[in-house]
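Source file: my_file.cif. Holds: mmCIF, C-alpha atoms.
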```cif
data_input
#
loop_
_atom_site.label_atom_id
_atom_site.label_comp_id
_atom_site.auth_asym_id
_atom_site.auth_seq_id
_atom_site.Cartn_x
_atom_site.Cartn_y
_atom_site.Cartn_z
CA MET A 146 -1.77 2.79 -10.46
CA THR A 147 -0.27 -0.68 -10.20
CA GLY A 148 0.72 -2.50 -7.03
CA LYS A 149 1.43 -5.99 -5.80
CA LEU A 150 -0.21 -8.38 -3.34
CA THR A 151 2.74 -9.08 -1.04
CA SER A 152 0.91 -11.16 1.56
CA LEU A 153 -2.44 -12.94 1.72
CA ASN A 154 -3.61 -13.40 5.31
CA VAL A 155 -6.32 -15.51 6.92
CA GLY A 156 -7.33 -16.31 10.48
CA ARG A 157 -9.65 -18.47 12.56
CA ILE A 158 -12.04 -17.35 15.28
CA ARG A 159 -10.57 -17.59 18.75
CA GLU A 160 -11.93 -16.72 22.18
CA LEU A 161 -9.98 -14.43 24.50
CA GLU A 162 -10.66 -12.80 27.83
CA HIS A 163 -10.83 -9.01 27.97
CA ASN A 164 -11.44 -7.30 31.31
CA GLY A 165 -12.81 -10.56 32.63
CA VAL A 166 -15.23 -10.99 29.74
CA PRO A 167 -14.88 -13.64 27.00
CA VAL A 168 -14.44 -12.08 23.56
CA LYS A 169 -14.45 -13.77 20.16
CA THR A 170 -12.17 -12.39 17.48
CA ALA A 171 -10.55 -13.33 14.17
CA ILE A 172 -8.10 -10.42 14.12
CA TYR A 173 -5.14 -12.80 14.48
CA LYS A 174 -4.32 -13.46 10.83
CA SER A 175 -1.27 -15.13 9.34
CA PRO A 176 0.14 -15.26 5.81
CA THR A 177 -0.80 -18.21 3.64
CA SER A 178 0.78 -19.37 0.40
CA ASP A 179 -2.46 -21.04 -0.68
CA PRO A 180 -4.65 -19.25 -3.22
CA GLN A 181 -7.85 -17.87 -1.69
CA ARG A 182 -11.17 -17.39 -3.41
CA LEU A 183 -12.91 -14.05 -2.86
CA ALA A 184 -16.62 -14.86 -2.88
CA ASN A 185 -19.83 -14.42 -0.89
CA ASN A 186 -18.29 -11.55 1.12
CA TYR A 187 -15.51 -13.82 2.40
CA VAL A 188 -11.82 -14.39 1.75
CA GLY A 189 -11.40 -18.13 1.26
CA GLU A 190 -10.41 -19.81 4.52
CA ASP A 191 -10.64 -16.61 6.56
CA GLN A 192 -13.23 -16.31 9.32
CA GLN A 193 -15.13 -13.30 10.67
CA ALA A 194 -16.14 -13.31 14.34
CA ASP A 195 -18.25 -10.14 14.60
CA LEU A 196 -20.56 -9.92 11.60
CA LYS A 197 -22.20 -6.76 12.97
CA ASN A 198 -19.01 -4.72 12.72
CA HIS A 199 -16.99 -6.73 10.20
CA GLY A 200 -17.77 -8.51 6.98
CA GLY A 201 -20.84 -8.09 4.81
CA PRO A 202 -20.89 -6.60 1.31
CA HIS A 203 -19.07 -3.36 2.17
CA LYS A 204 -16.40 -4.87 4.45
CA ALA A 205 -15.74 -8.18 2.74
CA VAL A 206 -11.99 -7.66 2.34
CA TYR A 207 -9.57 -5.53 4.36
CA ALA A 208 -6.30 -4.26 2.87
CA TYR A 209 -3.29 -2.57 4.44
CA ALA A 210 -0.14 -1.22 2.81
CA SER A 211 3.38 -2.46 3.49
CA GLU A 212 4.45 1.19 3.31
CA ASP A 213 2.21 1.90 6.32
CA TYR A 214 3.74 -1.10 8.08
CA ASP A 215 7.15 0.50 7.53
CA TRP A 216 5.90 3.70 9.17
CA TRP A 217 4.49 1.83 12.17
CA GLU A 218 7.64 -0.25 12.62
CA LYS A 219 9.74 2.90 12.69
CA ASN A 220 7.44 4.66 15.16
CA LEU A 221 6.86 1.66 17.41
CA ASP A 222 10.42 0.38 17.12
CA ARG A 223 9.25 -3.20 16.65
CA GLU A 224 8.77 -5.65 13.82
CA LEU A 225 5.22 -6.17 12.60
CA PRO A 226 4.60 -9.20 10.37
CA PRO A 227 1.90 -9.11 7.68
CA GLY A 228 -1.57 -9.66 9.08
CA THR A 229 -0.82 -7.85 12.36
CA PHE A 230 -3.56 -5.30 11.71
CA GLY A 231 -6.03 -8.03 10.77
CA GLU A 232 -5.86 -7.34 7.05
CA ASN A 233 -6.53 -9.96 4.40
CA LEU A 234 -4.41 -8.26 1.75
CA THR A 235 -1.02 -6.71 2.43
CA THR A 236 0.07 -4.66 -0.57
CA SER A 237 2.99 -2.68 -1.92
CA GLY A 238 2.97 0.20 -4.36
CA ILE A 239 -0.54 1.42 -3.44
CA ASP A 240 -1.26 4.36 -1.16
CA ILE A 241 -4.23 2.57 0.38
CA SER A 242 -5.23 5.15 2.98
CA ASN A 243 -5.51 7.70 0.17
CA ALA A 244 -7.47 5.34 -2.04
CA LYS A 245 -10.87 6.74 -2.94
CA VAL A 246 -14.28 5.22 -2.40
CA GLY A 247 -15.33 3.63 -5.70
CA ASP A 248 -11.80 2.95 -6.97
CA ARG A 249 -11.54 -0.58 -8.36
CA TRP A 250 -8.79 -3.15 -8.00
CA ASN A 251 -8.26 -6.03 -10.42
CA ILE A 252 -6.38 -8.94 -8.82
CA GLY A 253 -6.31 -12.02 -11.01
CA ALA A 254 -9.91 -12.75 -11.94
CA ALA A 255 -11.30 -10.85 -8.95
CA VAL A 256 -12.51 -7.26 -9.04
CA LEU A 257 -12.73 -5.31 -5.78
CA GLU A 258 -14.06 -1.84 -5.01
CA VAL A 259 -12.82 0.48 -2.26
CA SER A 260 -15.72 1.10 0.11
CA GLU A 261 -14.68 2.63 3.45
CA PRO A 262 -11.91 3.03 6.05
CA ARG A 263 -11.26 0.72 8.94
CA ILE A 264 -12.44 2.26 12.21
CA PRO A 265 -10.71 0.12 14.87
CA CYS A 266 -12.33 -1.30 17.97
CA PHE A 267 -10.72 -2.42 21.23
CA LYS A 268 -9.72 -5.75 19.65
CA LEU A 269 -6.89 -4.05 17.78
CA GLY A 270 -5.54 -3.01 21.17
CA ILE A 271 -5.74 -6.63 22.31
CA ARG A 272 -3.85 -7.74 19.21
CA MET A 273 -1.15 -5.12 19.76
CA GLN A 274 -1.02 -5.79 23.51
CA ASP A 275 -1.61 -2.08 24.07
CA GLY A 276 -4.95 -0.83 25.35
CA ARG A 277 -4.18 2.65 23.97
CA PHE A 278 -3.35 1.52 20.46
CA GLN A 279 -6.89 2.05 19.20
CA GLN A 280 -6.44 5.78 19.81
CA ALA A 281 -2.92 5.78 18.33
CA PHE A 282 -4.22 4.10 15.17
CA ALA A 283 -6.96 6.70 14.81
CA LYS A 284 -4.52 9.58 15.36
CA ALA A 285 -2.09 8.26 12.74
CA ASN A 286 -4.90 8.33 10.14
CA ARG A 287 -3.52 5.35 8.24
CA PRO A 288 -6.76 3.36 8.29
CA GLY A 289 -6.28 1.02 5.36
CA ALA A 290 -9.34 0.22 3.27
CA TYR A 291 -12.25 -2.16 3.21
CA LEU A 292 -13.29 -3.40 -0.23
CA ARG A 293 -16.40 -4.89 -1.78
CA ILE A 294 -16.19 -7.98 -3.98
CA ILE A 295 -17.56 -6.93 -7.37
CA THR A 296 -16.40 -9.98 -9.32
CA GLU A 297 -15.59 -13.20 -7.52
CA GLY A 298 -12.28 -14.89 -8.22
CA GLU A 299 -9.18 -16.56 -6.84
CA VAL A 300 -6.17 -14.52 -5.72
CA CYS A 301 -2.66 -15.49 -4.68
CA VAL A 302 0.50 -13.86 -3.36
CA GLU A 303 2.68 -11.85 -5.74
CA GLN A 304 -0.17 -11.07 -8.12
CA THR A 305 -0.31 -7.62 -9.67
CA ILE A 306 -3.05 -5.24 -8.51
CA GLU A 307 -4.35 -2.95 -11.25
CA CYS A 308 -6.12 0.10 -9.79
CA THR A 309 -8.73 2.03 -11.76
CA PRO A 310 -9.90 5.35 -10.27
CA THR A 311 -13.58 6.09 -10.06
CA SER A 312 -15.01 8.92 -12.14
CA GLU A 313 -17.84 9.59 -9.67
CA PRO A 314 -17.90 12.12 -6.78
CA THR A 315 -15.75 10.60 -4.07
CA ILE A 316 -13.38 11.04 -1.13
CA THR A 317 -10.38 9.18 0.28
CA VAL A 318 -10.79 6.65 3.05
CA ALA A 319 -8.29 8.64 5.14
CA GLU A 320 -10.49 11.71 4.85
CA ILE A 321 -13.54 9.74 5.99
CA ALA A 322 -11.59 8.44 8.98
CA ARG A 323 -10.34 11.96 9.79
CA ILE A 324 -13.88 13.33 9.75
CA TYR A 325 -15.10 10.50 11.97
CA ASN A 326 -12.26 10.82 14.46
CA SER A 327 -11.66 14.55 14.70
CA ASP A 328 -13.76 16.76 12.40
CA ARG A 329 -17.41 15.81 12.58
CA ASP A 330 -18.47 19.29 11.48
CA ALA A 331 -17.33 18.14 8.01
CA ALA A 332 -19.70 15.15 7.96
CA VAL A 333 -21.88 16.92 5.39
CA SER A 334 -19.18 16.30 2.76
CA LEU A 335 -19.84 12.56 2.98
CA LEU A 336 -23.34 12.95 1.58
CA ASP A 337 -21.91 13.71 -1.87
CA VAL A 338 -19.85 10.49 -2.09
CA ALA A 339 -21.45 8.32 -4.77
CA LYS A 340 -20.43 4.84 -3.59
CA LEU A 341 -20.55 5.39 0.18
CA SER A 342 -22.37 2.64 2.08
CA ASP A 343 -25.79 3.26 3.59
CA ALA A 344 -24.33 2.89 7.09
CA TRP A 345 -21.90 5.76 6.52
CA VAL A 346 -24.56 7.94 4.90
CA GLU A 347 -26.81 7.34 7.91
CA TRP A 348 -23.95 8.17 10.29
CA ALA A 349 -23.23 11.40 8.42
CA GLN A 350 -26.88 12.45 8.42
CA GLN A 351 -27.28 11.69 12.13
CA THR A 352 -24.12 13.64 12.90
CA ILE A 353 -25.38 16.62 10.87
CA ASP A 354 -28.76 16.49 12.62
CA LYS A 355 -27.13 16.51 16.06
CA ARG A 356 -25.18 19.63 15.13
CA SER A 357 -28.07 21.55 13.61
#
```
Please re-express this file's structure in structure tokens.
Amino acid sequence: MTGKLTSLNVGRIRELEHNGVPVKTAIYKSPTSDPQRLANNYVGEDQQADLKNHGGPHKAVYAYASEDYDWWEKNLDRELPPGTFGENLTTSGIDISNAKVGDRWNIGAAVLEVSEPRIPCFKLGIRMQDGRFQQAFAKANRPGAYLRIITEGEVCVEQTIECTPTSEPTITVAEIARIYNSDRDAAVSLLDVAKLSDAWVEWAQQTIDKRS
């Protein structure tokens, strides 16, 4: 599969007030025309405010598809510019939510690997100015994908993305999100996914144990 990087988005940490409590977030991202280096679990000039729930080796880069943006714009009846969902990479030509854990993307000199879905927190609701949007996002099951940085390198807008499917036992990021959000009896299926992060394996095992 071949796609294109249609927008490269970065953001700075800002502090907001939510229910009377100060909250730091970097979900407000905007397109940049400057090349960005993917290295050390970061995207160039982009910042990460909550390193417990974002960033790190398995959530270094977040990607969302322009085709999913089209779906949201139709259903919300509003325009959504790239970066609205807090993604670093906005793509075209790739069915990101149905990408599989372990699939690899070559973008310029960088090599990325699909790792897990995005499970939104309340900050997405803040960004969308809708406290219920977190639930709407989960219900739509268009989670986008987090990616690991396998090979560091510089990327820029309009580059081609070459996708190579994994040959190992795997699952789509949309299926992981579906299990998490609405079908936890199926958590056992996550234990067979070769490249799933330790955090997701632990979640699956804990969920299985609670149901046994």
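Among the candidates A:Leu225, A:Ala184, A:Ile324, A:Ala331, the one nearest to Gly201 (chain A) when counting all atoms listed in the file is A:Ala184.
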- All residues 8 Å or closer to region 231-248 of chain A, all atoms listed in the file, same chain fewer than 2 positions away omitted, as number ranges by chain: A: 146-155, 171-174, 188, 206-212, 227-229, 250, 258-262, 286-290, 308-311, 313, 315-320, 338-341
Applying 10 Å and all atoms listed in the file, which residues near Asn198 (chain A) remain after dropping the ones on its own chain fewer than 5 positions away? List them as a PDB file with C-alpha atoms, in the coordinates of the input.
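In the end it all went to result.pdb:
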```pdb
ATOM      1  CA  GLN A 193     -15.130 -13.300  10.670  1.00  0.00           C
ATOM      2  CA  LYS A 204     -16.400  -4.870   4.450  1.00  0.00           C
ATOM      3  CA  ILE A 264     -12.440   2.260  12.210  1.00  0.00           C
ATOM      4  CA  PRO A 265     -10.710   0.120  14.870  1.00  0.00           C
ATOM      5  CA  CYS A 266     -12.330  -1.300  17.970  1.00  0.00           C
TER       6      CYS A 266
END
```
- Task: Go ahead and compute the interatomic distance for CA of Arg182 (chain A) and CA of Ile306 (chain A), in Å to one decimal.
- Result: 15.5 Å
- Message: If the PyMOL selection byres ((chain A and resi 196) around 12) were run on this exact file, what residues would it hold? Put them as JSON, numbers by chain.
- Response: {"A": [158, 169, 170, 171, 186, 187, 192, 193, 194, 195, 197, 198, 199, 200, 201, 202, 203, 204, 205]}
- Task: Can you give me, as a ChimeraX atom specification, the residues this file yields under the PyMOL selection byres ((chain A and resi 164) around 12)?
- Result: /A:161-163,165-168,267-268,271,276
- Selection under test: the PyMOL selection byres ((chain A and resi 350-352) around 12); residues as a ChimeraX atom specification: /A:324-325,328-337,343-349,353-357
- Interatomic distance (Å, one decimal) between CA of Ile295 (chain A) and CA of Leu269 (chain A): 27.5 Å
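Nearest residue to Val300 (chain A), choosing from A:Pro180, A:Pro226, A:Gly189, A:Gly156 and counting only C-alpha atoms: A:Pro180.
Computed from the coordinates, the CA of Ala255 (chain A) to CA of Pro176 (chain A) distance equals 19.2 Å.
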- Note on the structure: Asn326 (chain A) proximity check over A:Ile294, A:Ala283, A:Cys301, A:Met273, using only C-alpha atoms: winner is A:Ala283
Around region 226-231 of chain A, with edges along x, y and z and 5 Å added on all six sides, what centre and edge lengths do you get, in Å to one decimal, as lines of an AutoDock Vina configuration file?
```
center_x = -0.7
center_y = -7.5
center_z = 10.0
size_x = 20.6
size_y = 14.4
size_z = 14.7
```
- Between A:Arg157, A:Gly298, A:Ser178, A:Leu221, which one has atoms that come closest to Phe282 (chain A), using all atoms listed in the file?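 Among A:Arg157, A:Gly298, A:Ser178, A:Leu221, it is A:Leu221 that comes nearest to Phe282 (chain A).
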